[in-house]
Amino acid sequence: MTALSVSTSSAASLRADAVVIGVAKGPKGIVLAPGAEAVSEAFEGKLAEVLTTLGATGAEGEAVKVPSPAGLKAALVLAVGLGEAADAGYGLETLRRAAGVAARTLGGSKKAALALPAESADEVEAVALGGLLGAYSFGTYKGNGSAKEPVGELVLLTVRKGSKDAKAAVERAVVLGEEMNRARDLVNTAPNDLNPKGFAAIAQAAGKEHGLKVEVLDEKALLKGGFGGLLGVGNGSANPPRLVKVAYTHPKAKASLAFIGKGITYDSGGISLKPAGHNETMKCDMAGAAAVFAAVVSAKRLGLAVNVTAWLALAENMPSGTATRPGDVLRMYGGKTVEVLNTDAEGRLVLADAIVRAGEENPDVIVDVATLTGAMMLALGSRTFGVMANNDELRETLHTVAGEAGEQSWPMPLPAELRKGMTESTIADLANMGERMGGGLVAGLFLKEFVAEGIDWAHLDIAGPAFHEGAPFGYTPKGGTASAVRTLVRFAERTAAGDKA
């Protein structure tokens, strides 16, 4: 992974392959952002003019390269756009994205200096995290040097280097960057290389490295325990399911959180087979499990004063002679029965088992994360996840927390009238399908049926933003994005501070 360091050196005196500055759209042309002063001086005050000649506008996402003059030790100046000029400072997400653009653009370089606005601790963290996320590269399957190497080192230039809050900001950025990129690696790994057993082994290794307690229920333990949802989904695969518990406890914790992740390591749809064009990216159907795994490891590394347990509900959904059929009835963990009307609505089945099991430990809050429904993508697009909950305050809190963390979310309802379609099975307690319209909400209502009374619960449907199929933007690469990790970590931080609302 790209190394990150902090320096108080002048942007003019630091030796690097490139120095990065920010530019914005002003009323009379481009405006240089704070941090660019020394670079501008090296251009004898004509840097804005030079950039304009080269076509720079300051638009967000823009990157323009200029050879350095004699007064700079860096060989190249990279100007990244920040959007509209802001006298009161630039937003943290704007800085994250700008640093991400810079890191992506400078892939293959050994060292780059980030002379972006970084005067407050929050700005320091935003630039650091954006740079680390933007530098991400997944080259596991590329040979013969065809994979572009990420930038080797990012040096963040700030006058706050020695301050306690800036140091904490950098440490937090490094933890989040490393764990989010680990989650991205998991999502991007080919399904023939990441099955439930393999994912469980990765969790066990991380637990040993970071001092987390990890428990793995294999297919025999799941059968003995009556985990009908996980077993039903995994029945058709040669790779049996797993339920993995990753627990972090803090001696001063006054609250406990359970994060549950859907971990379908490949989703063919099962007997209700997905058509061509809809299954090529289904390795990403374990992004929820990757997110909660990254969140609990982050909580441990940050030493948050809150107990956090991640539950990874892992299975592979495949068609075969042993696969669950439409019309089968599964007896879920906890005793409820579910008539399976569509085997491609499998995520809610594995999550239901995990929700009941997590509820037995009486956490203060359960949050599940899942690439659950295409309906949520139709409703909110590819960059926004939906937030549902059995508690209005919790739903609004998570929506707010997501915004604080730099993630796009939207609160969604759980209309009582949509429950009826699931409860009309003539042979089971529930059906795994309901009304077609509002399918994302129906899935949320199904999960709500398995939440123990008295426990606050929320559901994040990350089907849209979990896997990016378009061109990279900001710090977001093509492929796995680590959606919801920052939201979960921020929520854990607020809970540790006693601030849930």
# chains A, B, ... in the order shown; residues from 1 in each chain; ligands from 1
call {"tool": "residues_around", "arguments": {"residues": "Phe138 of chain A", "least_positions_apart": "3", "cutoff": "10 Å", "atoms": "only C-alpha atoms", "output": "list in words"}}
result
Tyr141, Lys142, Ala147, Lys148, Glu149, Pro150, Asn181, Arg184, Asp185, Asn188, Thr189, Pro477, Lys478, Gly479 and Gly480 of chain A
call {"tool": "closest_atom_pairs", "arguments": {"of": "segment 123-232 of chain A", "to": "segment 288-293 of chain A", "cutoff": "12 Å", "atoms": "only C-alpha atoms", "output": "CSV"}}
result
residue,atom,partner,partner_atom,distance
A:Leu176,CA,A:Ala291,CA,11.3
A:Glu179,CA,A:Phe293,CA,8.7
A:Met180,CA,A:Ala291,CA,7.7
A:Asn181,CA,A:Ala290,CA,10.3
A:Arg182,CA,A:Ala290,CA,8.3
A:Ala183,CA,A:Ala290,CA,5.0
A:Arg184,CA,A:Ala290,CA,7.9
A:Asp185,CA,A:Ala290,CA,9.2
A:Leu186,CA,A:Ala290,CA,6.6
A:Val187,CA,A:Ala290,CA,7.1
A:Asn188,CA,A:Ala290,CA,10.7
A:Thr189,CA,A:Ala290,CA,11.5
A:Leu194,CA,A:Ala290,CA,11.7
A:Pro196,CA,A:Ala289,CA,10.7
A:Phe199,CA,A:Ala290,CA,9.1
A:Ala200,CA,A:Phe293,CA,10.5
A:Ile202,CA,A:Phe293,CA,10.1
A:Ala203,CA,A:Phe293,CA,7.6
A:Gln204,CA,A:Phe293,CA,11.0
A:Ala206,CA,A:Phe293,CA,9.5
A:Gly207,CA,A:Phe293,CA,10.2
A:Leu212,CA,A:Phe293,CA,11.1
A:Val214,CA,A:Phe293,CA,11.0
call {"tool": "write_last_selection", "arguments": {"atoms": "N, CA, C and O atoms", "output": "PDB file, in the first residue's frame"}}
result
ATOM      1  N   LEU A 176      -8.354   3.767   8.386  1.00  0.00           N
ATOM      2  CA  LEU A 176      -9.490   3.662   7.470  1.00  0.00           C
ATOM      3  C   LEU A 176      -9.035   3.321   6.056  1.00  0.00           C
ATOM      4  O   LEU A 176      -9.648   2.488   5.376  1.00  0.00           O
ATOM      5  N   GLU A 179      -7.968  -0.423   5.953  1.00  0.00           N
ATOM      6  CA  GLU A 179      -9.074  -1.379   6.101  1.00  0.00           C
ATOM      7  C   GLU A 179     -10.081  -1.267   4.957  1.00  0.00           C
ATOM      8  O   GLU A 179     -10.647  -2.276   4.528  1.00  0.00           O
ATOM      9  N   MET A 180     -10.313  -0.060   4.458  1.00  0.00           N
ATOM     10  CA  MET A 180     -11.187   0.068   3.297  1.00  0.00           C
ATOM     11  C   MET A 180     -10.560  -0.590   2.065  1.00  0.00           C
ATOM     12  O   MET A 180     -11.249  -1.253   1.285  1.00  0.00           O
ATOM     13  N   ASN A 181      -9.263  -0.433   1.901  1.00  0.00           N
ATOM     14  CA  ASN A 181      -8.606  -1.064   0.763  1.00  0.00           C
ATOM     15  C   ASN A 181      -8.561  -2.576   0.921  1.00  0.00           C
ATOM     16  O   ASN A 181      -8.600  -3.304  -0.073  1.00  0.00           O
ATOM     17  N   ARG A 182      -8.509  -3.068   2.148  1.00  0.00           N
ATOM     18  CA  ARG A 182      -8.624  -4.513   2.370  1.00  0.00           C
ATOM     19  C   ARG A 182     -10.020  -4.991   1.927  1.00  0.00           C
ATOM     20  O   ARG A 182     -10.159  -6.031   1.268  1.00  0.00           O
ATOM     21  N   ALA A 183     -11.056  -4.225   2.299  1.00  0.00           N
ATOM     22  CA  ALA A 183     -12.405  -4.580   1.885  1.00  0.00           C
ATOM     23  C   ALA A 183     -12.535  -4.556   0.365  1.00  0.00           C
ATOM     24  O   ALA A 183     -13.180  -5.417  -0.241  1.00  0.00           O
ATOM     25  N   ARG A 184     -11.925  -3.565  -0.268  1.00  0.00           N
ATOM     26  CA  ARG A 184     -11.945  -3.507  -1.729  1.00  0.00           C
ATOM     27  C   ARG A 184     -11.279  -4.735  -2.337  1.00  0.00           C
ATOM     28  O   ARG A 184     -11.767  -5.306  -3.323  1.00  0.00           O
ATOM     29  N   ASP A 185     -10.149  -5.135  -1.772  1.00  0.00           N
ATOM     30  CA  ASP A 185      -9.468  -6.344  -2.262  1.00  0.00           C
ATOM     31  C   ASP A 185     -10.385  -7.561  -2.180  1.00  0.00           C
ATOM     32  O   ASP A 185     -10.440  -8.380  -3.119  1.00  0.00           O
ATOM     33  N   LEU A 186     -11.092  -7.698  -1.066  1.00  0.00           N
ATOM     34  CA  LEU A 186     -11.992  -8.835  -0.903  1.00  0.00           C
ATOM     35  C   LEU A 186     -13.088  -8.823  -1.962  1.00  0.00           C
ATOM     36  O   LEU A 186     -13.401  -9.858  -2.558  1.00  0.00           O
ATOM     37  N   VAL A 187     -13.673  -7.664  -2.198  1.00  0.00           N
ATOM     38  CA  VAL A 187     -14.748  -7.559  -3.187  1.00  0.00           C
ATOM     39  C   VAL A 187     -14.225  -7.832  -4.592  1.00  0.00           C
ATOM     40  O   VAL A 187     -14.909  -8.449  -5.411  1.00  0.00           O
ATOM     41  N   ASN A 188     -13.012  -7.411  -4.884  1.00  0.00           N
ATOM     42  CA  ASN A 188     -12.456  -7.563  -6.231  1.00  0.00           C
ATOM     43  C   ASN A 188     -11.894  -8.952  -6.499  1.00  0.00           C
ATOM     44  O   ASN A 188     -11.669  -9.310  -7.670  1.00  0.00           O
ATOM     45  N   THR A 189     -11.651  -9.725  -5.458  1.00  0.00           N
ATOM     46  CA  THR A 189     -11.081 -11.058  -5.644  1.00  0.00           C
ATOM     47  C   THR A 189     -12.057 -11.954  -6.396  1.00  0.00           C
ATOM     48  O   THR A 189     -13.253 -11.969  -6.119  1.00  0.00           O
ATOM     49  N   LEU A 194     -12.171 -16.834  -3.613  1.00  0.00           N
ATOM     50  CA  LEU A 194     -12.731 -16.398  -2.333  1.00  0.00           C
ATOM     51  C   LEU A 194     -14.089 -17.056  -2.132  1.00  0.00           C
ATOM     52  O   LEU A 194     -15.107 -16.593  -2.645  1.00  0.00           O
ATOM     53  N   PRO A 196     -16.675 -19.106   1.007  1.00  0.00           N
ATOM     54  CA  PRO A 196     -16.943 -18.870   2.434  1.00  0.00           C
ATOM     55  C   PRO A 196     -15.822 -19.341   3.363  1.00  0.00           C
ATOM     56  O   PRO A 196     -15.461 -18.637   4.309  1.00  0.00           O
ATOM     57  N   PHE A 199     -12.881 -16.868   3.063  1.00  0.00           N
ATOM     58  CA  PHE A 199     -13.173 -15.598   3.726  1.00  0.00           C
ATOM     59  C   PHE A 199     -13.041 -15.770   5.242  1.00  0.00           C
ATOM     60  O   PHE A 199     -12.467 -14.925   5.934  1.00  0.00           O
ATOM     61  N   ALA A 200     -13.561 -16.882   5.759  1.00  0.00           N
ATOM     62  CA  ALA A 200     -13.464 -17.141   7.199  1.00  0.00           C
ATOM     63  C   ALA A 200     -12.009 -17.221   7.647  1.00  0.00           C
ATOM     64  O   ALA A 200     -11.642 -16.717   8.715  1.00  0.00           O
ATOM     65  N   ILE A 202      -9.478 -15.671   6.292  1.00  0.00           N
ATOM     66  CA  ILE A 202      -8.949 -14.307   6.292  1.00  0.00           C
ATOM     67  C   ILE A 202      -9.352 -13.588   7.578  1.00  0.00           C
ATOM     68  O   ILE A 202      -8.556 -12.871   8.193  1.00  0.00           O
ATOM     69  N   ALA A 203     -10.594 -13.777   7.998  1.00  0.00           N
ATOM     70  CA  ALA A 203     -11.060 -13.170   9.245  1.00  0.00           C
ATOM     71  C   ALA A 203     -10.284 -13.717  10.447  1.00  0.00           C
ATOM     72  O   ALA A 203      -9.930 -12.963  11.363  1.00  0.00           O
ATOM     73  N   GLN A 204     -10.009 -15.010  10.433  1.00  0.00           N
ATOM     74  CA  GLN A 204      -9.247 -15.609  11.526  1.00  0.00           C
ATOM     75  C   GLN A 204      -7.832 -15.047  11.581  1.00  0.00           C
ATOM     76  O   GLN A 204      -7.302 -14.753  12.668  1.00  0.00           O
ATOM     77  N   ALA A 206      -6.843 -12.087  10.506  1.00  0.00           N
ATOM     78  CA  ALA A 206      -6.924 -10.704  10.977  1.00  0.00           C
ATOM     79  C   ALA A 206      -7.174 -10.663  12.481  1.00  0.00           C
ATOM     80  O   ALA A 206      -6.639  -9.796  13.187  1.00  0.00           O
ATOM     81  N   GLY A 207      -7.986 -11.583  12.962  1.00  0.00           N
ATOM     82  CA  GLY A 207      -8.240 -11.649  14.392  1.00  0.00           C
ATOM     83  C   GLY A 207      -6.973 -11.921  15.179  1.00  0.00           C
ATOM     84  O   GLY A 207      -6.716 -11.294  16.219  1.00  0.00           O
ATOM     85  N   LEU A 212      -8.461  -9.815  18.013  1.00  0.00           N
ATOM     86  CA  LEU A 212      -9.913  -9.939  17.980  1.00  0.00           C
ATOM     87  C   LEU A 212     -10.305 -11.389  18.203  1.00  0.00           C
ATOM     88  O   LEU A 212      -9.601 -12.310  17.788  1.00  0.00           O
ATOM     89  N   VAL A 214     -12.363 -14.462  17.235  1.00  0.00           N
ATOM     90  CA  VAL A 214     -13.047 -14.933  16.026  1.00  0.00           C
ATOM     91  C   VAL A 214     -13.586 -16.337  16.252  1.00  0.00           C
ATOM     92  O   VAL A 214     -12.870 -17.230  16.700  1.00  0.00           O
TER      93      VAL A 214
END
call {"tool": "residues_around", "arguments": {"residues": "Lys167 of chain A", "least_positions_apart": "3", "cutoff": "12 Å", "atoms": "only C-alpha atoms", "output": "PyMOL selection string"}}
result
chain A and resi 5-7+120-122+124-125+128+156+158-164+170-174
call {"tool": "select_by_dssp", "arguments": {"residues": "segment 370-494 of chain A", "states": "alpha helix (DSSP H)", "output": "ChimeraX atom specification"}}
result
/A:374-380,392-405,439-448,485-494
call {"tool": "closest_residue", "arguments": {"among": "A:Ala205, A:Ala103, A:Leu4, A:Leu51", "to": "Val20 of chain A", "atoms": "only C-alpha atoms"}}
result
A:Ala103
call {"tool": "select_by_dssp", "arguments": {"residues": "segment 200-357 of chain A", "states": "strand (DSSP E)", "output": "MDAnalysis selection string"}}
result
chainID A and resid 213:217 242:248 256:267 307:317 329:331 337:339
call {"tool": "atom_distance", "arguments": {"atom1": "atom CA of Leu351 of chain A", "atom2": "atom CA of Leu330 of chain A"}}
result
13.7 Å
call {"tool": "closest_residue", "arguments": {"among": "A:Ala323, A:Ala294, A:Met388, A:Ala431", "to": "Gly270 of chain A", "atoms": "only C-alpha atoms"}}
result
A:Ala323
call {"tool": "residues_around", "arguments": {"residues": "Gly421 of chain A", "least_positions_apart": "4", "cutoff": "10 Å", "atoms": "only C-alpha atoms", "output": "list in words"}}
result
Glu417, Ser425, Leu430, Ala431, Asn432, Met433, Gly434, Glu435, Arg436 and Val442 of chain A
call {"tool": "write_last_selection", "arguments": {"atoms": "all heavy atoms", "output": "mmCIF file, in the first residue's frame"}}
result
data_model
loop_
_atom_site.group_PDB
_atom_site.id
_atom_site.type_symbol
_atom_site.label_atom_id
_atom_site.label_comp_id
_atom_site.auth_asym_id
_atom_site.auth_seq_id
_atom_site.Cartn_x
_atom_site.Cartn_y
_atom_site.Cartn_z
ATOM 1 N N GLU A 417 -48.051 -1.672 5.007
ATOM 2 C CA GLU A 417 -48.909 -2.358 4.045
ATOM 3 C C GLU A 417 -48.144 -3.306 3.127
ATOM 4 O O GLU A 417 -48.725 -4.237 2.556
ATOM 5 C CB GLU A 417 -49.686 -1.338 3.202
ATOM 6 C CG GLU A 417 -48.849 -0.469 2.281
ATOM 7 C CD GLU A 417 -48.351 0.799 2.949
ATOM 8 O OE1 GLU A 417 -48.404 0.881 4.206
ATOM 9 O OE2 GLU A 417 -47.907 1.713 2.218
ATOM 10 N N SER A 425 -48.171 -16.541 2.850
ATOM 11 C CA SER A 425 -47.842 -17.927 2.523
ATOM 12 C C SER A 425 -48.840 -18.857 3.199
ATOM 13 O O SER A 425 -49.156 -18.700 4.388
ATOM 14 C CB SER A 425 -46.428 -18.267 3.006
ATOM 15 O OG SER A 425 -46.177 -19.657 2.893
ATOM 16 N N LEU A 430 -43.603 -17.077 6.748
ATOM 17 C CA LEU A 430 -43.294 -15.979 5.833
ATOM 18 C C LEU A 430 -42.917 -16.533 4.474
ATOM 19 O O LEU A 430 -42.511 -17.698 4.353
ATOM 20 C CB LEU A 430 -42.099 -15.156 6.348
ATOM 21 C CG LEU A 430 -42.213 -14.363 7.637
ATOM 22 C CD1 LEU A 430 -40.818 -13.912 8.076
ATOM 23 C CD2 LEU A 430 -43.115 -13.159 7.434
ATOM 24 N N ALA A 431 -43.027 -15.690 3.453
ATOM 25 C CA ALA A 431 -42.429 -15.973 2.154
ATOM 26 C C ALA A 431 -41.236 -15.038 1.987
ATOM 27 O O ALA A 431 -41.196 -13.960 2.586
ATOM 28 C CB ALA A 431 -43.435 -15.744 1.034
ATOM 29 N N ASN A 432 -40.266 -15.451 1.183
ATOM 30 C CA ASN A 432 -39.095 -14.589 1.020
ATOM 31 C C ASN A 432 -39.302 -13.543 -0.080
ATOM 32 O O ASN A 432 -38.381 -12.801 -0.411
ATOM 33 C CB ASN A 432 -37.820 -15.400 0.764
ATOM 34 C CG ASN A 432 -37.713 -15.918 -0.667
ATOM 35 O OD1 ASN A 432 -38.720 -16.221 -1.302
ATOM 36 N ND2 ASN A 432 -36.484 -16.044 -1.154
ATOM 37 N N MET A 433 -40.498 -13.457 -0.600
ATOM 38 C CA MET A 433 -40.855 -12.435 -1.578
ATOM 39 C C MET A 433 -42.194 -11.824 -1.199
ATOM 40 O O MET A 433 -43.018 -12.458 -0.528
ATOM 41 C CB MET A 433 -40.961 -13.028 -2.992
ATOM 42 C CG MET A 433 -39.650 -13.568 -3.540
ATOM 43 S SD MET A 433 -38.460 -12.271 -3.925
ATOM 44 C CE MET A 433 -39.228 -11.552 -5.383
ATOM 45 N N GLY A 434 -42.395 -10.587 -1.641
ATOM 46 C CA GLY A 434 -43.674 -9.917 -1.416
ATOM 47 C C GLY A 434 -44.053 -9.162 -2.658
ATOM 48 O O GLY A 434 -43.811 -9.618 -3.779
ATOM 49 N N GLU A 435 -44.644 -7.993 -2.482
ATOM 50 C CA GLU A 435 -45.026 -7.194 -3.639
ATOM 51 C C GLU A 435 -43.805 -6.794 -4.449
ATOM 52 O O GLU A 435 -42.742 -6.507 -3.911
ATOM 53 C CB GLU A 435 -45.775 -5.940 -3.183
ATOM 54 C CG GLU A 435 -47.135 -6.226 -2.571
ATOM 55 C CD GLU A 435 -47.919 -4.952 -2.320
ATOM 56 O OE1 GLU A 435 -47.692 -3.955 -3.046
ATOM 57 O OE2 GLU A 435 -48.754 -4.959 -1.398
ATOM 58 N N ARG A 436 -43.983 -6.755 -5.771
ATOM 59 C CA ARG A 436 -42.867 -6.419 -6.654
ATOM 60 C C ARG A 436 -42.491 -4.949 -6.531
ATOM 61 O O ARG A 436 -41.308 -4.599 -6.499
ATOM 62 C CB ARG A 436 -43.240 -6.745 -8.098
ATOM 63 C CG ARG A 436 -42.129 -6.476 -9.100
ATOM 64 C CD ARG A 436 -42.478 -7.070 -10.455
ATOM 65 N NE ARG A 436 -41.448 -6.766 -11.436
ATOM 66 C CZ ARG A 436 -41.467 -5.697 -12.241
ATOM 67 N NH1 ARG A 436 -42.490 -4.852 -12.165
ATOM 68 N NH2 ARG A 436 -40.505 -5.467 -13.103
ATOM 69 N N VAL A 442 -39.621 -4.065 0.817
ATOM 70 C CA VAL A 442 -40.112 -5.392 1.203
ATOM 71 C C VAL A 442 -38.980 -6.206 1.829
ATOM 72 O O VAL A 442 -39.171 -6.890 2.845
ATOM 73 C CB VAL A 442 -40.698 -6.128 -0.021
ATOM 74 C CG1 VAL A 442 -40.973 -7.600 0.308
ATOM 75 C CG2 VAL A 442 -41.982 -5.448 -0.494
#
call {"tool": "closest_residue", "arguments": {"among": "A:Gly474, A:Gly303, A:Gly71, A:Gly152", "to": "His210 of chain A", "atoms": "only C-alpha atoms"}}
result
A:Gly303
call {"tool": "atom_distance", "arguments": {"atom1": "atom CA of Ser268 of chain A", "atom2": "atom CA of Asn317 of chain A"}}
result
5.9 Å
call {"tool": "closest_atom_pairs", "arguments": {"of": "segment 424-470 of chain A", "to": "segment 358-380 of chain A", "cutoff": "10 Å", "atoms": "only C-alpha atoms", "output": "CSV"}}
result
residue,atom,partner,partner_atom,distance
A:Arg436,CA,A:Ala375,CA,9.0
A:Met437,CA,A:Ala375,CA,8.4
A:Gly438,CA,A:Ala375,CA,7.0
A:Gly439,CA,A:Ala375,CA,5.5
A:Gly440,CA,A:Ala375,CA,5.1
A:Leu441,CA,A:Met376,CA,8.2
A:Val442,CA,A:Thr373,CA,9.7
A:Ala443,CA,A:Thr373,CA,7.6
A:Gly444,CA,A:Leu372,CA,9.1
A:Leu447,CA,A:Asp368,CA,9.2
A:Phe450,CA,A:Gly359,CA,8.9
A:Val451,CA,A:Gly359,CA,6.9
A:Ala452,CA,A:Gly359,CA,6.0
A:Glu453,CA,A:Gly359,CA,9.1
A:Gly454,CA,A:Asp364,CA,8.9
A:Ile455,CA,A:Val365,CA,6.2
A:Asp456,CA,A:Val365,CA,4.9
A:Trp457,CA,A:Ile366,CA,4.6
A:Ala458,CA,A:Val367,CA,4.7
A:His459,CA,A:Asp368,CA,4.9
A:Leu460,CA,A:Val369,CA,4.8
A:Asp461,CA,A:Ala370,CA,5.2
A:Ile462,CA,A:Thr371,CA,4.9
A:Ala463,CA,A:Thr371,CA,3.9
A:Gly464,CA,A:Met377,CA,4.9
A:Pro465,CA,A:Met377,CA,8.6
A:Ala466,CA,A:Thr371,CA,7.1
A:Phe467,CA,A:Thr371,CA,9.3
call {"tool": "closest_residue", "arguments": {"among": "A:Pro69, A:Gly100, A:Gly261, A:Gly406", "to": "Lys245 of chain A", "atoms": "only C-alpha atoms"}}
result
A:Gly261
call {"tool": "atom_distance", "arguments": {"atom1": "atom CA of Trp410 of chain A", "atom2": "atom CA of Gly386 of chain A"}}
result
5.1 Å
